[in-house]
>>> print(open('coords17.cif').read())   # mmCIF, C-alpha atoms
data_run
#
loop_
_atom_site.group_PDB
_atom_site.id
_atom_site.type_symbol
_atom_site.label_atom_id
_atom_site.label_comp_id
_atom_site.auth_asym_id
_atom_site.auth_seq_id
_atom_site.Cartn_x
_atom_site.Cartn_y
_atom_site.Cartn_z
ATOM 1 C CA MET Q 482 -9.747 38.624 -94.672
ATOM 2 C CA ARG Q 483 -10.436 41.276 -97.315
ATOM 3 C CA GLU Q 484 -7.773 43.919 -97.885
ATOM 4 C CA LYS Q 485 -8.743 47.016 -95.914
ATOM 5 C CA ILE Q 486 -7.906 49.783 -98.384
ATOM 6 C CA PHE Q 487 -10.471 52.559 -98.599
ATOM 7 C CA GLU Q 488 -10.962 56.253 -98.093
ATOM 8 C CA ARG Q 489 -10.763 57.376 -94.428
ATOM 9 C CA LYS Q 490 -9.240 54.045 -93.365
ATOM 10 C CA ASN Q 491 -6.820 55.826 -91.026
ATOM 11 C CA GLU Q 492 -9.671 57.799 -89.482
ATOM 12 C CA LEU Q 493 -11.613 54.584 -88.875
ATOM 13 C CA LEU Q 494 -8.678 52.806 -87.249
ATOM 14 C CA LYS Q 495 -7.895 55.850 -85.092
ATOM 15 C CA ALA Q 496 -11.523 56.039 -83.930
ATOM 16 C CA ALA Q 497 -11.546 52.289 -83.254
ATOM 17 C CA LEU Q 498 -8.294 52.495 -81.308
ATOM 18 C CA ASP Q 499 -9.649 55.337 -79.169
ATOM 19 C CA GLU Q 500 -12.786 53.341 -78.406
ATOM 20 C CA PHE Q 501 -11.300 49.887 -77.820
ATOM 21 C CA SER Q 502 -8.343 51.165 -75.774
ATOM 22 C CA SER Q 503 -10.611 52.923 -73.291
ATOM 23 C CA LYS Q 504 -13.579 50.539 -73.018
ATOM 24 C CA SER Q 505 -14.147 46.828 -72.688
ATOM 25 C CA TYR Q 506 -15.039 44.946 -75.849
ATOM 26 C CA ASP Q 507 -18.735 44.617 -74.982
ATOM 27 C CA ILE Q 508 -19.119 48.267 -73.972
ATOM 28 C CA ALA Q 509 -17.181 49.677 -76.948
ATOM 29 C CA SER Q 510 -19.682 51.114 -79.428
ATOM 30 C CA LEU Q 511 -19.418 50.439 -83.145
ATOM 31 C CA ASN Q 512 -21.857 53.269 -83.816
ATOM 32 C CA MET Q 513 -19.579 55.667 -81.941
ATOM 33 C CA ILE Q 514 -16.564 54.457 -83.915
ATOM 34 C CA ILE Q 515 -18.367 54.992 -87.214
ATOM 35 C CA LYS Q 516 -19.572 58.412 -86.098
ATOM 36 C CA ASN Q 517 -16.120 59.557 -84.952
ATOM 37 C CA ALA Q 518 -14.512 58.240 -88.137
ATOM 38 C CA LYS Q 519 -17.046 60.231 -90.167
ATOM 39 C CA ILE Q 520 -17.871 57.333 -92.474
ATOM 40 C CA SER Q 521 -21.214 55.824 -93.402
ATOM 41 C CA LYS Q 522 -22.393 52.496 -92.084
ATOM 42 C CA GLY Q 523 -22.515 51.265 -95.646
ATOM 43 C CA THR Q 524 -18.826 52.037 -96.110
ATOM 44 C CA PHE Q 525 -17.969 50.287 -92.870
ATOM 45 C CA TYR Q 526 -19.948 47.136 -93.644
ATOM 46 C CA TYR Q 527 -18.506 46.952 -97.141
ATOM 47 C CA HIS Q 528 -15.050 46.481 -95.629
ATOM 48 C CA PHE Q 529 -15.766 44.809 -92.264
ATOM 49 C CA ALA Q 530 -18.394 42.223 -91.387
ATOM 50 C CA ASP Q 531 -18.943 43.492 -87.850
ATOM 51 C CA LYS Q 532 -17.331 44.910 -84.701
ATOM 52 C CA GLU Q 533 -15.491 41.661 -84.049
ATOM 53 C CA GLU Q 534 -13.724 41.685 -87.410
ATOM 54 C CA LEU Q 535 -12.700 45.318 -86.893
ATOM 55 C CA TYR Q 536 -11.386 44.507 -83.410
ATOM 56 C CA LEU Q 537 -9.368 41.522 -84.598
ATOM 57 C CA TYR Q 538 -7.930 43.585 -87.436
ATOM 58 C CA LEU Q 539 -6.916 46.350 -85.024
ATOM 59 C CA VAL Q 540 -5.326 43.974 -82.517
ATOM 60 C CA LYS Q 541 -3.440 42.247 -85.323
ATOM 61 C CA SER Q 542 -2.214 45.630 -86.580
ATOM 62 C CA ALA Q 543 -0.925 46.464 -83.083
ATOM 63 C CA PHE Q 544 0.738 43.045 -82.818
ATOM 64 C CA TYR Q 545 2.616 43.439 -86.099
ATOM 65 C CA GLU Q 546 3.549 47.022 -85.245
ATOM 66 C CA LYS Q 547 5.125 45.764 -82.025
ATOM 67 C CA TRP Q 548 7.104 43.069 -83.824
ATOM 68 C CA ASP Q 549 8.293 45.585 -86.393
ATOM 69 C CA PHE Q 550 9.431 47.724 -83.449
ATOM 70 C CA ILE Q 551 11.298 44.789 -81.881
ATOM 71 C CA ASN Q 552 12.855 43.800 -85.208
ATOM 72 C CA GLY Q 553 14.228 47.325 -85.455
ATOM 73 C CA LYS Q 554 16.317 46.828 -82.318
ATOM 74 C CA SER Q 555 20.091 46.466 -82.426
ATOM 75 C CA GLN Q 556 21.594 43.103 -83.369
ATOM 76 C CA THR Q 557 23.107 42.817 -79.886
ATOM 77 C CA GLU Q 558 19.703 43.195 -78.220
ATOM 78 C CA GLN Q 559 18.076 40.804 -80.693
ATOM 79 C CA ASP Q 560 20.774 38.179 -80.099
ATOM 80 C CA LEU Q 561 20.235 38.461 -76.340
ATOM 81 C CA PHE Q 562 16.465 38.334 -76.860
ATOM 82 C CA ASN Q 563 16.837 35.094 -78.838
ATOM 83 C CA ASN Q 564 19.718 33.400 -77.034
ATOM 84 C CA GLY Q 565 19.962 34.781 -73.487
ATOM 85 C CA THR Q 566 18.921 33.083 -70.268
ATOM 86 C CA ILE Q 567 15.230 32.872 -69.485
ATOM 87 C CA PHE Q 568 15.598 35.870 -67.159
ATOM 88 C CA GLU Q 569 17.447 37.918 -69.776
ATOM 89 C CA LYS Q 570 14.842 37.051 -72.404
ATOM 90 C CA PHE Q 571 11.886 38.067 -70.274
ATOM 91 C CA LYS Q 572 13.588 41.170 -68.944
ATOM 92 C CA LEU Q 573 14.459 42.306 -72.462
ATOM 93 C CA GLN Q 574 10.967 41.415 -73.690
ATOM 94 C CA SER Q 575 9.525 43.581 -70.926
ATOM 95 C CA LYS Q 576 11.971 46.390 -71.745
ATOM 96 C CA PHE Q 577 10.912 46.311 -75.398
ATOM 97 C CA GLY Q 578 7.293 46.343 -74.273
ATOM 98 C CA ALA Q 579 7.884 49.409 -72.083
ATOM 99 C CA GLU Q 580 9.643 51.251 -74.908
ATOM 100 C CA PHE Q 581 6.844 50.327 -77.306
ATOM 101 C CA ALA Q 582 4.246 51.541 -74.784
ATOM 102 C CA SER Q 583 6.074 54.856 -74.465
ATOM 103 C CA LYS Q 584 6.069 55.299 -78.248
ATOM 104 C CA TYR Q 585 2.571 53.916 -78.901
ATOM 105 C CA PRO Q 586 0.522 54.558 -75.714
ATOM 106 C CA LEU Q 587 -2.848 53.715 -77.294
ATOM 107 C CA TYR Q 588 -1.603 50.338 -78.506
ATOM 108 C CA TYR Q 589 -0.333 49.760 -74.971
ATOM 109 C CA LYS Q 590 -3.748 50.597 -73.529
ATOM 110 C CA LEU Q 591 -5.406 48.362 -76.121
ATOM 111 C CA GLY Q 592 -3.201 45.483 -74.976
ATOM 112 C CA ASN Q 593 -4.104 46.157 -71.347
ATOM 113 C CA MET Q 594 -7.808 46.152 -72.191
ATOM 114 C CA LEU Q 595 -7.350 42.881 -74.078
ATOM 115 C CA SER Q 596 -5.612 41.264 -71.092
ATOM 116 C CA LYS Q 597 -8.656 42.121 -68.966
ATOM 117 C CA GLU Q 598 -10.841 40.199 -71.428
ATOM 118 C CA ASN Q 599 -9.165 36.854 -70.629
ATOM 119 C CA SER Q 600 -12.508 35.275 -69.684
ATOM 120 C CA HIS Q 601 -14.289 36.675 -72.759
ATOM 121 C CA PRO Q 602 -14.629 34.627 -75.986
ATOM 122 C CA ILE Q 603 -12.942 37.455 -77.918
ATOM 123 C CA TYR Q 604 -9.711 36.747 -76.023
ATOM 124 C CA GLU Q 605 -9.522 33.195 -77.342
ATOM 125 C CA LYS Q 606 -10.383 34.410 -80.837
ATOM 126 C CA VAL Q 607 -7.467 36.851 -80.709
ATOM 127 C CA LYS Q 608 -5.098 34.062 -79.616
ATOM 128 C CA LEU Q 609 -6.379 31.829 -82.405
ATOM 129 C CA ASP Q 610 -6.207 34.604 -84.999
ATOM 130 C CA LEU Q 611 -2.604 35.441 -84.058
ATOM 131 C CA ASN Q 612 -1.685 31.778 -83.521
ATOM 132 C CA ILE Q 613 -0.360 32.499 -80.018
ATOM 133 C CA ASP Q 614 -0.133 29.831 -77.322
ATOM 134 C CA THR Q 615 1.646 31.542 -74.446
ATOM 135 C CA HIS Q 616 1.287 28.517 -72.158
ATOM 136 C CA ASN Q 617 3.184 26.179 -74.496
ATOM 137 C CA ILE Q 618 5.754 28.878 -75.273
ATOM 138 C CA LEU Q 619 6.454 29.362 -71.569
ATOM 139 C CA ASN Q 620 6.564 25.596 -70.987
ATOM 140 C CA SER Q 621 9.240 25.235 -73.673
ATOM 141 C CA MET Q 622 11.256 28.141 -72.273
ATOM 142 C CA ILE Q 623 11.173 26.721 -68.748
ATOM 143 C CA ASP Q 624 12.137 23.229 -69.949
ATOM 144 C CA GLU Q 625 15.085 24.717 -71.827
ATOM 145 C CA ALA Q 626 16.089 26.830 -68.810
ATOM 146 C CA ILE Q 627 15.995 23.781 -66.506
ATOM 147 C CA SER Q 628 18.060 21.708 -68.944
ATOM 148 C CA LYS Q 629 20.667 24.505 -69.114
ATOM 149 C CA GLY Q 630 20.799 24.796 -65.334
ATOM 150 C CA GLU Q 631 19.407 28.346 -65.334
ATOM 151 C CA ILE Q 632 16.643 27.435 -62.864
ATOM 152 C CA ARG Q 633 16.769 25.269 -59.765
ATOM 153 C CA ASN Q 634 15.613 21.749 -60.571
ATOM 154 C CA ASP Q 635 14.378 20.923 -57.060
ATOM 155 C CA PHE Q 636 10.992 22.575 -57.727
ATOM 156 C CA PRO Q 637 8.236 20.659 -59.543
ATOM 157 C CA ARG Q 638 7.968 21.730 -63.168
ATOM 158 C CA ASP Q 639 4.248 22.536 -62.880
ATOM 159 C CA PHE Q 640 4.993 24.797 -59.895
ATOM 160 C CA LEU Q 641 7.628 26.679 -61.927
ATOM 161 C CA VAL Q 642 5.326 27.083 -64.931
ATOM 162 C CA LYS Q 643 2.453 28.477 -62.883
ATOM 163 C CA THR Q 644 4.611 30.709 -60.682
ATOM 164 C CA LEU Q 645 6.826 32.169 -63.416
ATOM 165 C CA SER Q 646 3.866 32.608 -65.757
ATOM 166 C CA TYR Q 647 2.128 34.691 -63.098
ATOM 167 C CA LEU Q 648 5.218 36.713 -62.229
ATOM 168 C CA PHE Q 649 6.233 37.417 -65.814
ATOM 169 C CA SER Q 650 2.722 38.546 -66.743
ATOM 170 C CA SER Q 651 2.026 40.619 -63.614
ATOM 171 C CA PHE Q 652 4.537 43.455 -63.922
ATOM 172 C CA ASP Q 653 2.148 45.888 -65.614
ATOM 173 C CA ARG Q 654 -0.658 45.130 -63.163
ATOM 174 C CA ILE Q 655 1.659 45.979 -60.272
ATOM 175 C CA PHE Q 656 3.536 49.011 -61.569
ATOM 176 C CA ASN Q 657 1.419 50.430 -64.412
ATOM 177 C CA SER Q 658 -2.085 49.765 -63.126
ATOM 178 C CA ASN Q 659 -3.334 53.211 -64.180
ATOM 179 C CA ASP Q 660 -2.476 52.540 -67.864
ATOM 180 C CA GLU Q 661 0.278 55.153 -67.760
ATOM 181 C CA CYS Q 662 3.831 54.166 -68.572
ATOM 182 C CA ASP Q 663 6.705 56.434 -67.524
ATOM 183 C CA LEU Q 664 9.618 54.844 -69.370
ATOM 184 C CA ASP Q 665 12.392 55.737 -66.915
ATOM 185 C CA ASP Q 666 10.406 54.559 -63.888
ATOM 186 C CA THR Q 667 9.317 51.411 -65.695
ATOM 187 C CA LEU Q 668 12.858 50.445 -66.699
ATOM 188 C CA SER Q 669 14.097 51.049 -63.154
ATOM 189 C CA ASN Q 670 11.298 48.910 -61.723
ATOM 190 C CA LEU Q 671 12.017 46.206 -64.308
ATOM 191 C CA ASP Q 672 15.622 45.931 -63.131
ATOM 192 C CA MET Q 673 14.522 45.465 -59.531
ATOM 193 C CA TYR Q 674 11.604 43.175 -60.409
ATOM 194 C CA PHE Q 675 13.694 40.699 -62.359
ATOM 195 C CA ASP Q 676 16.501 40.865 -59.814
ATOM 196 C CA LEU Q 677 13.911 39.899 -57.198
ATOM 197 C CA ILE Q 678 12.578 37.007 -59.330
ATOM 198 C CA GLN Q 679 16.048 35.713 -60.119
ATOM 199 C CA ASN Q 680 17.752 36.184 -56.756
ATOM 200 C CA GLY Q 681 14.979 36.461 -54.168
ATOM 201 C CA ILE Q 682 14.943 38.659 -51.080
ATOM 202 C CA GLU Q 683 16.733 36.461 -48.555
ATOM 203 C CA ASN Q 684 19.815 38.032 -47.018
ATOM 204 C CA LYS Q 685 22.088 35.023 -47.498
ATOM 205 C CA LYS Q 686 24.996 36.800 -45.779
ATOM 206 C CA GLY Q 687 23.020 37.207 -42.577
ATOM 207 C CA GLY Q 688 22.998 40.287 -40.356
ATOM 208 C CA ILE Q 689 20.878 43.410 -40.628
#
>>> encode(input="coords17.cif", output="structure tokens")
Amino acid sequence: MREKIFERKNELLKAALDEFSSKSYDIASLNMIIKNAKISKGTFYYHFADKEELYLYLVKSAFYEKWDFINGKSQTEQDLFNNGTIFEKFKLQSKFGAEFASKYPLYYKLGNMLSKENSHPIYEKVKLDLNIDTHNILNSMIDEAISKGEIRNDFPRDFLVKTLSYLFSSFDRIFNSNDECDLDDTLSNLDMYFDLIQNGIENKKGGI
């Protein structure tokens, strides 16, 4: 991909972020982005082939910004993120995501819009462009967790993959469905959510 260095680049990316974070990919208007960025169509097409290339560039920028944010975390948190139990890893990943959303709300909204495009060809192109295979990543994490005794081994592996994949990816849809992210509320809900996933709701001691 050509290096995107040109006058009013920041204005273009800001206009694109405003558009793509508030509208689905098909509805988002390239003409509106160009107009709001106050650049000519000629300037745009000199640097980007089309709306798709701009979108992929923007999503990739958000992805790298998030990883830069995570890499800036303390060594203790990074060690736990890399070496903790499967529940600790996902809880910390969600915590980082909530903190990132609080700092970069438009990137957060862009990610939410992208997740809604999971049946659109652009979704697969994003995964391919970023070389992300969440299914295989989760499979590996669950296999490792089972081998370490972190998860009960009396459930079929396929059941665990499907169930945990749904639960780990559903937090935002349950608690932040309006695209707003109050950090304190989100972190509190995360604690309870992962406690529920890990320990269930059965009162094992009995009684009321």
>>> closest_residue(input="coords17.cif", among="Q:Val642, Q:Leu595, Q:Ile567, Q:Leu609", to="Gln679 in chain Q", atoms="only C-alpha atoms")
Q:Ile567
>>> atom_distance(input="coords17.cif", atom1="CA of Ile603 in chain Q", atom2="CA of Ala509 in chain Q")
13.0 Å
>>> closest_residue(input="coords17.cif", among="Q:Glu492, Q:Asp653, Q:Asp560, Q:Glu534", to="Ile514 in chain Q", atoms="all atoms listed in the file")
Q:Glu492
>>> closest_atom_pairs(input="coords17.cif", of="range 611-642 of chain Q", to="range 540-545 of chain Q", cutoff="12 Å", atoms="only C-alpha atoms", output="CSV")
residue,atom,partner,partner_atom,distance
Q:Leu611,CA,Q:Lys541,CA,7.0
Q:Asn612,CA,Q:Lys541,CA,10.8
Q:Ile613,CA,Q:Phe544,CA,11.0
>>> residues_around(input="coords17.cif", residues="range 551-558 of chain Q", least_positions_apart="3", cutoff="10 Å", atoms="all atoms listed in the file", output="PDB file with C-alpha atoms, in the coordinates of the input")
ATOM      1  CA  TYR Q 545       2.616  43.439 -86.099  1.00  0.00           C
ATOM      2  CA  GLU Q 546       3.549  47.022 -85.245  1.00  0.00           C
ATOM      3  CA  LYS Q 547       5.125  45.764 -82.025  1.00  0.00           C
ATOM      4  CA  TRP Q 548       7.104  43.069 -83.824  1.00  0.00           C
ATOM      5  CA  LEU Q 561      20.235  38.461 -76.340  1.00  0.00           C
ATOM      6  CA  PHE Q 562      16.465  38.334 -76.860  1.00  0.00           C
ATOM      7  CA  ASN Q 563      16.837  35.094 -78.838  1.00  0.00           C
ATOM      8  CA  ASN Q 564      19.718  33.400 -77.034  1.00  0.00           C
ATOM      9  CA  GLY Q 565      19.962  34.781 -73.487  1.00  0.00           C
ATOM     10  CA  LYS Q 570      14.842  37.051 -72.404  1.00  0.00           C
ATOM     11  CA  LEU Q 573      14.459  42.306 -72.462  1.00  0.00           C
ATOM     12  CA  GLN Q 574      10.967  41.415 -73.690  1.00  0.00           C
ATOM     13  CA  PHE Q 577      10.912  46.311 -75.398  1.00  0.00           C
ATOM     14  CA  GLY Q 578       7.293  46.343 -74.273  1.00  0.00           C
ATOM     15  CA  GLU Q 580       9.643  51.251 -74.908  1.00  0.00           C
ATOM     16  CA  PHE Q 581       6.844  50.327 -77.306  1.00  0.00           C
TER      17      PHE Q 581
END
>>> atom_distance(input="coords17.cif", atom1="CA of Asn620 in chain Q", atom2="CA of Thr644 in chain Q")
11.7 Å
>>> resolve_selection(input="coords17.cif", expression="the PyMOL selection byres ((chain Q and resi 670) around 12)", output="ChimeraX atom specification")
/Q:572,575-576,579,652-653,655-657,662-669,671-677
>>> residues_around(input="coords17.cif", residues="range 630-638 of chain Q", least_positions_apart="2", cutoff="12 Å", atoms="all atoms listed in the file", output="list in words")
Gly565, Thr566, Ile567, Phe568, Glu569, Leu619, Asn620, Ser621, Met622, Ile623, Asp624, Glu625, Ala626, Ile627, Ser628, Phe640, Leu641, Val642, Lys643, Thr644, Leu645, Ser646, Ile678, Gln679 and Asn680 of chain Q
>>> atom_distance(input="coords17.cif", atom1="CA of Gly681 in chain Q", atom2="CA of Lys597 in chain Q")
28.5 Å
>>> axis_aligned_box(input="coords17.cif", around="range 544-561 of chain Q", padding_each_side="5 Å", output="JSON")
{"center_x": 11.9, "center_y": 43.0, "center_z": -81.4, "size_x": 32.4, "size_y": 19.5, "size_z": 20.1}
>>> residues_around(input="coords17.cif", residues="Arg489 in chain Q", least_positions_apart="2", cutoff="10 Å", atoms="all atoms listed in the file", output="PyMOL selection string")
chain Q and resi 486-487+491-495+518-520+524
